>>> print(open('query.cif').read())   # mmCIF, C-alpha atoms
data_upload
loop_
_atom_site.group_PDB
_atom_site.id
_atom_site.type_symbol
_atom_site.label_atom_id
_atom_site.label_comp_id
_atom_site.auth_asym_id
_atom_site.auth_seq_id
_atom_site.Cartn_x
_atom_site.Cartn_y
_atom_site.Cartn_z
ATOM 1 C CA MET A 26 -26.970 -28.833 62.204
ATOM 2 C CA ASP A 27 -30.461 -29.414 63.559
ATOM 3 C CA LEU A 28 -30.549 -30.132 67.279
ATOM 4 C CA ASP A 29 -33.525 -31.509 69.096
ATOM 5 C CA GLY A 30 -34.241 -31.133 72.806
ATOM 6 C CA LEU A 31 -32.382 -34.328 73.707
ATOM 7 C CA ASP A 32 -29.298 -33.181 71.786
ATOM 8 C CA GLU A 33 -29.388 -29.844 73.627
ATOM 9 C CA THR A 34 -29.753 -31.565 76.994
ATOM 10 C CA ILE A 35 -26.894 -33.958 76.244
ATOM 11 C CA ILE A 36 -24.683 -31.049 75.177
ATOM 12 C CA GLY A 37 -25.591 -29.151 78.345
ATOM 13 C CA LEU A 38 -24.701 -32.143 80.511
ATOM 14 C CA LEU A 39 -21.375 -32.606 78.711
ATOM 15 C CA VAL A 40 -20.552 -28.915 79.031
ATOM 16 C CA ALA A 41 -21.207 -29.110 82.771
ATOM 17 C CA ASP A 42 -19.042 -32.235 83.088
ATOM 18 C CA ALA A 43 -17.377 -33.709 79.988
ATOM 19 C CA ARG A 44 -16.250 -36.704 82.054
ATOM 20 C CA ARG A 45 -19.786 -37.955 82.667
ATOM 21 C CA SER A 46 -20.367 -41.455 81.364
ATOM 22 C CA TYR A 47 -22.826 -42.117 78.562
ATOM 23 C CA ALA A 48 -24.736 -44.370 80.978
ATOM 24 C CA ASP A 49 -25.054 -41.511 83.501
ATOM 25 C CA ILE A 50 -26.217 -39.099 80.800
ATOM 26 C CA GLY A 51 -28.588 -41.726 79.432
ATOM 27 C CA SER A 52 -30.211 -42.250 82.818
ATOM 28 C CA GLU A 53 -30.853 -38.510 83.037
ATOM 29 C CA VAL A 54 -32.340 -38.144 79.529
ATOM 30 C CA GLY A 55 -34.074 -41.519 79.252
ATOM 31 C CA LEU A 56 -31.790 -43.172 76.700
ATOM 32 C CA SER A 57 -29.421 -46.113 76.743
ATOM 33 C CA ALA A 58 -25.687 -45.487 76.930
ATOM 34 C CA SER A 59 -25.299 -46.679 73.323
ATOM 35 C CA ALA A 60 -28.045 -44.278 72.136
ATOM 36 C CA VAL A 61 -26.286 -41.399 73.897
ATOM 37 C CA LYS A 62 -22.986 -42.438 72.290
ATOM 38 C CA ARG A 63 -24.595 -42.469 68.836
ATOM 39 C CA ARG A 64 -25.982 -38.972 69.422
ATOM 40 C CA VAL A 65 -22.629 -37.675 70.677
ATOM 41 C CA ASP A 66 -20.871 -39.257 67.680
ATOM 42 C CA ARG A 67 -23.391 -37.545 65.356
ATOM 43 C CA LEU A 68 -22.898 -34.215 67.145
ATOM 44 C CA ARG A 69 -19.126 -34.568 66.771
ATOM 45 C CA ALA A 70 -19.377 -35.558 63.095
ATOM 46 C CA GLY A 71 -21.684 -32.605 62.447
ATOM 47 C CA GLY A 72 -19.310 -30.166 64.123
ATOM 48 C CA ALA A 73 -21.595 -29.161 67.010
ATOM 49 C CA ILE A 74 -19.140 -30.758 69.456
ATOM 50 C CA THR A 75 -15.555 -29.972 68.504
ATOM 51 C CA GLY A 76 -13.782 -31.627 71.426
ATOM 52 C CA PHE A 77 -13.669 -32.233 75.142
ATOM 53 C CA THR A 78 -11.500 -30.249 77.520
ATOM 54 C CA ALA A 79 -10.992 -29.131 81.096
ATOM 55 C CA ARG A 80 -11.896 -25.578 82.137
ATOM 56 C CA LEU A 81 -9.195 -23.902 84.194
ATOM 57 C CA ASP A 82 -9.212 -21.009 86.633
ATOM 58 C CA PRO A 83 -6.339 -18.732 85.545
ATOM 59 C CA ALA A 84 -6.047 -17.192 89.045
ATOM 60 C CA ALA A 85 -5.592 -20.642 90.605
ATOM 61 C CA LEU A 86 -2.724 -21.209 88.171
ATOM 62 C CA GLY A 87 -1.026 -17.953 89.142
ATOM 63 C CA TRP A 88 -2.362 -15.799 86.289
ATOM 64 C CA SER A 89 -3.929 -12.971 88.288
ATOM 65 C CA VAL A 90 -4.275 -10.212 85.667
ATOM 66 C CA GLU A 91 -6.800 -10.289 82.863
ATOM 67 C CA GLY A 92 -7.517 -7.643 80.274
ATOM 68 C CA TYR A 93 -9.117 -6.934 76.953
ATOM 69 C CA VAL A 94 -7.023 -5.186 74.324
ATOM 70 C CA GLU A 95 -8.426 -3.389 71.313
ATOM 71 C CA LEU A 96 -6.000 -3.620 68.408
ATOM 72 C CA TYR A 97 -5.923 -0.843 65.804
ATOM 73 C CA CYS A 98 -4.025 -1.558 62.584
ATOM 74 C CA ARG A 99 -2.006 0.951 60.520
ATOM 75 C CA MET A 100 -3.290 -0.392 57.241
ATOM 76 C CA SER A 101 -5.748 -2.923 55.997
ATOM 77 C CA THR A 102 -4.507 -6.079 57.696
ATOM 78 C CA ALA A 103 -5.917 -9.504 56.928
ATOM 79 C CA PRO A 104 -7.470 -11.329 59.890
ATOM 80 C CA ALA A 105 -5.135 -14.262 59.196
ATOM 81 C CA THR A 106 -2.140 -11.959 59.650
ATOM 82 C CA ILE A 107 -3.439 -10.701 62.992
ATOM 83 C CA GLY A 108 -4.257 -14.240 64.097
ATOM 84 C CA ALA A 109 -0.831 -15.582 63.140
ATOM 85 C CA ALA A 110 0.900 -12.729 64.980
ATOM 86 C CA VAL A 111 -0.966 -13.089 68.279
ATOM 87 C CA ARG A 112 -1.315 -16.892 68.225
ATOM 88 C CA ARG A 113 2.290 -17.258 69.387
ATOM 89 C CA PHE A 114 1.456 -15.701 72.775
ATOM 90 C CA PRO A 115 -0.038 -18.238 75.203
ATOM 91 C CA GLU A 116 -1.276 -15.253 77.201
ATOM 92 C CA VAL A 117 -3.689 -14.386 74.363
ATOM 93 C CA VAL A 118 -6.552 -16.745 75.157
ATOM 94 C CA GLU A 119 -9.072 -15.231 72.726
ATOM 95 C CA ALA A 120 -8.720 -13.072 69.630
ATOM 96 C CA SER A 121 -11.504 -11.850 67.351
ATOM 97 C CA THR A 122 -11.930 -9.354 64.566
ATOM 98 C CA VAL A 123 -14.691 -6.912 65.448
ATOM 99 C CA SER A 124 -16.923 -4.235 63.995
ATOM 100 C CA GLY A 125 -16.385 -0.624 64.979
ATOM 101 C CA GLU A 126 -13.166 1.360 65.153
ATOM 102 C CA ALA A 127 -10.866 -1.402 66.427
ATOM 103 C CA ASP A 128 -9.733 -4.100 64.040
ATOM 104 C CA ALA A 129 -9.527 -6.849 66.657
ATOM 105 C CA VAL A 130 -10.061 -7.522 70.343
ATOM 106 C CA LEU A 131 -7.751 -9.763 72.376
ATOM 107 C CA ARG A 132 -8.353 -11.310 75.787
ATOM 108 C CA ILE A 133 -5.060 -11.613 77.637
ATOM 109 C CA VAL A 134 -4.285 -13.329 80.943
ATOM 110 C CA ALA A 135 -0.964 -12.739 82.691
ATOM 111 C CA GLU A 136 0.824 -13.472 85.952
ATOM 112 C CA ASP A 137 0.949 -9.830 87.019
ATOM 113 C CA MET A 138 0.854 -6.283 85.636
ATOM 114 C CA ARG A 139 4.466 -6.391 84.459
ATOM 115 C CA HIS A 140 3.831 -9.602 82.548
ATOM 116 C CA PHE A 141 0.684 -8.079 80.988
ATOM 117 C CA GLU A 142 2.670 -4.987 80.011
ATOM 118 C CA GLN A 143 5.427 -7.091 78.418
ATOM 119 C CA VAL A 144 2.925 -8.978 76.275
ATOM 120 C CA LEU A 145 1.209 -5.724 75.314
ATOM 121 C CA GLU A 146 4.566 -4.178 74.315
ATOM 122 C CA GLN A 147 5.425 -7.162 72.131
ATOM 123 C CA ILE A 148 2.050 -7.079 70.406
ATOM 124 C CA GLY A 149 2.293 -3.311 69.913
ATOM 125 C CA ALA A 150 5.670 -3.766 68.218
ATOM 126 C CA PHE A 151 4.207 -5.595 65.215
ATOM 127 C CA PRO A 152 4.583 -3.363 62.142
ATOM 128 C CA PHE A 153 0.871 -3.475 61.342
ATOM 129 C CA VAL A 154 -0.192 -2.256 64.814
ATOM 130 C CA ALA A 155 -0.920 1.479 65.024
ATOM 131 C CA ARG A 156 -2.037 1.442 68.650
ATOM 132 C CA THR A 157 -3.722 -0.574 71.350
ATOM 133 C CA LYS A 158 -6.295 0.264 73.983
ATOM 134 C CA SER A 159 -6.552 -1.871 77.114
ATOM 135 C CA VAL A 160 -9.083 -2.398 79.842
ATOM 136 C CA LEU A 161 -8.368 -4.576 82.863
ATOM 137 C CA VAL A 162 -10.901 -6.946 84.375
ATOM 138 C CA LEU A 163 -11.670 -6.124 87.997
ATOM 139 C CA SER A 164 -14.226 -8.842 88.770
ATOM 140 C CA PRO A 165 -15.613 -11.361 86.300
ATOM 141 C CA LEU A 166 -19.393 -11.314 86.642
ATOM 142 C CA ILE A 167 -20.474 -14.112 84.305
ATOM 143 C CA ARG A 168 -18.305 -16.888 82.876
ATOM 144 C CA ARG A 169 -20.158 -19.629 81.130
ATOM 145 C CA PRO A 170 -19.496 -21.950 78.239
ATOM 146 C CA VAL A 171 -21.602 -21.793 75.099
ATOM 147 C CA VAL A 172 -24.629 -24.082 75.289
ATOM 148 C CA PRO A 173 -27.666 -24.303 73.003
ATOM 149 C CA ALA A 174 -30.373 -21.789 73.919
ATOM 150 C CA HIS A 175 -33.823 -23.196 74.475
ATOM 151 C CA PRO A 176 -36.528 -21.225 72.653
#
>>> encode(input="query.cif", output="structure tokens")
Amino acid sequence: MDLDGLDETIIGLLVADARRSYADIGSEVGLSASAVKRRVDRLRAGGAITGFTARLDPAALGWSVEGYVELYCRMSTAPATIGAAVRRFPEVVEASTVSGEADAVLRIVAEDMRHFEQVLEQIGAFPFVARTKSVLVLSPLIRRPVVPAHP
């Protein structure tokens, strides 16, 4: 989908605060509220905007441990199989297949170390999992949502 500068600015404003009114956004970008709505509708129809949500702080919700887990499979395992297996864990907040030695990388948030360990044990028990390798997050340095990059 081709985005112009106004589209990118509107997306950036919505990412910063998805509850902003179209009139407020319009006053910032020089468009009417209805023109902003038409652009947002077009961005949604084109798949650039997939939804609106609230961003949460896991630590504020009592989830104080975060880690990344490399998943190594015993055999050739389809990404859909990995996804279906780990999707059932609410603690797995991201999962991606990757290049390199690991087959997938998971981002896990948990209440504490014991909770993290329990999730890791359950994931490691899947028949297709040969081993896992974990690293724990000490301090997040950058957390930002995806926004269009300006050239």
>>> resolve_selection(input="query.cif", expression="the PyMOL selection byres ((chain A and resi 92) around 7)", output="list of chain:residue names")
A:Val90, A:Glu91, A:Tyr93, A:Val94, A:Arg132, A:Ile133, A:Val134, A:Ser159, A:Val160, A:Leu161, A:Val162
>>> atom_distance(input="query.cif", atom1="CA of Ser59 (chain A)", atom2="CA of Gly76 (chain A)")
19.0 Å
>>> closest_residue(input="query.cif", among="A:Ala60, A:Met138, A:Ala120, A:Val65", to="Gly37 (chain A)", atoms="only C-alpha atoms")
A:Val65
>>> atom_distance(input="query.cif", atom1="CA of Asp137 (chain A)", atom2="CA of Leu166 (chain A)")
20.4 Å
>>> resolve_selection(input="query.cif", expression="the PyMOL selection byres ((chain A and resi 152) around 12)", output="JSON list (two decimals) with C-alpha atoms, keeping the file's coordinate frame")
[["chain", "number", "residue", "atom", "x", "y", "z"],
["A", 97, "TYR", "CA", -5.92, -0.84, 65.80],
["A", 98, "CYS", "CA", -4.03, -1.56, 62.58],
["A", 99, "ARG", "CA", -2.01, 0.95, 60.52],
["A", 100, "MET", "CA", -3.29, -0.39, 57.24],
["A", 102, "THR", "CA", -4.51, -6.08, 57.70],
["A", 106, "THR", "CA", -2.14, -11.96, 59.65],
["A", 107, "ILE", "CA", -3.44, -10.70, 62.99],
["A", 110, "ALA", "CA", 0.90, -12.73, 64.98],
["A", 147, "GLN", "CA", 5.42, -7.16, 72.13],
["A", 148, "ILE", "CA", 2.05, -7.08, 70.41],
["A", 149, "GLY", "CA", 2.29, -3.31, 69.91],
["A", 150, "ALA", "CA", 5.67, -3.77, 68.22],
["A", 151, "PHE", "CA", 4.21, -5.60, 65.22],
["A", 153, "PHE", "CA", 0.87, -3.48, 61.34],
["A", 154, "VAL", "CA", -0.19, -2.26, 64.81],
["A", 155, "ALA", "CA", -0.92, 1.48, 65.02],
["A", 156, "ARG", "CA", -2.04, 1.44, 68.65]]
>>> residues_near_point(input="query.cif", point="(-12.3, 2.2, 65.5)", cutoff="10 Å", atoms="all atoms listed in the file", output="CSV table (one decimal) with C-alpha atoms, in the frame of the given file")
chain,number,residue,atom,x,y,z
A,95,GLU,CA,-8.4,-3.4,71.3
A,96,LEU,CA,-6.0,-3.6,68.4
A,97,TYR,CA,-5.9,-0.8,65.8
A,98,CYS,CA,-4.0,-1.6,62.6
A,123,VAL,CA,-14.7,-6.9,65.4
A,124,SER,CA,-16.9,-4.2,64.0
A,125,GLY,CA,-16.4,-0.6,65.0
A,126,GLU,CA,-13.2,1.4,65.2
A,127,ALA,CA,-10.9,-1.4,66.4
A,128,ASP,CA,-9.7,-4.1,64.0
A,129,ALA,CA,-9.5,-6.8,66.7
>>> residues_around(input="query.cif", residues="region 78-89 of chain A", least_positions_apart="4", cutoff="12 Å", atoms="only C-alpha atoms", output="PyMOL selection string")
chain A and resi 39-44+74+115-116+118+133-141+161-165+168-170
>>> atom_distance(input="query.cif", atom1="CA of Glu53 (chain A)", atom2="CA of Val171 (chain A)")
20.7 Å
>>> residues_around(input="query.cif", residues="region 48-52 of chain A", least_positions_apart="5", cutoff="10 Å", atoms="only C-alpha atoms", output="PDB file with C-alpha atoms, in the coordinates of the input")
ATOM      1  CA  THR A  34     -29.753 -31.565  76.994  1.00  0.00           C
ATOM      2  CA  ILE A  35     -26.894 -33.958  76.244  1.00  0.00           C
ATOM      3  CA  ILE A  36     -24.683 -31.049  75.177  1.00  0.00           C
ATOM      4  CA  LEU A  38     -24.701 -32.143  80.511  1.00  0.00           C
ATOM      5  CA  LEU A  39     -21.375 -32.606  78.711  1.00  0.00           C
ATOM      6  CA  SER A  57     -29.421 -46.113  76.743  1.00  0.00           C
ATOM      7  CA  ALA A  58     -25.687 -45.487  76.930  1.00  0.00           C
ATOM      8  CA  SER A  59     -25.299 -46.679  73.323  1.00  0.00           C
ATOM      9  CA  ALA A  60     -28.045 -44.278  72.136  1.00  0.00           C
ATOM     10  CA  VAL A  61     -26.286 -41.399  73.897  1.00  0.00           C
ATOM     11  CA  LYS A  62     -22.986 -42.438  72.290  1.00  0.00           C
TER      12      LYS A  62
END
>>> resolve_selection(input="query.cif", expression="the PyMOL selection byres ((chain A and resi 29) around 12)", output="ChimeraX atom specification")
/A:26-28,30-36,64,68,173-176
>>> closest_residue(input="query.cif", among="A:Val130, A:Gln143, A:Tyr47, A:Ser101", to="Phe114 (chain A)", atoms="all atoms listed in the file")
A:Gln143
>>> axis_aligned_box(input="query.cif", around="region 162-166 of chain A", padding_each_side="3 Å", output="lines of an AutoDock Vina configuration file")
center_x = -15.1
center_y = -8.7
center_z = 86.6
size_x = 14.5
size_y = 11.2
size_z = 10.4
>>> closest_residue(input="query.cif", among="A:Ser121, A:Glu146, A:Val54, A:Arg63", to="Ala105 (chain A)", atoms="all atoms listed in the file")
A:Ser121
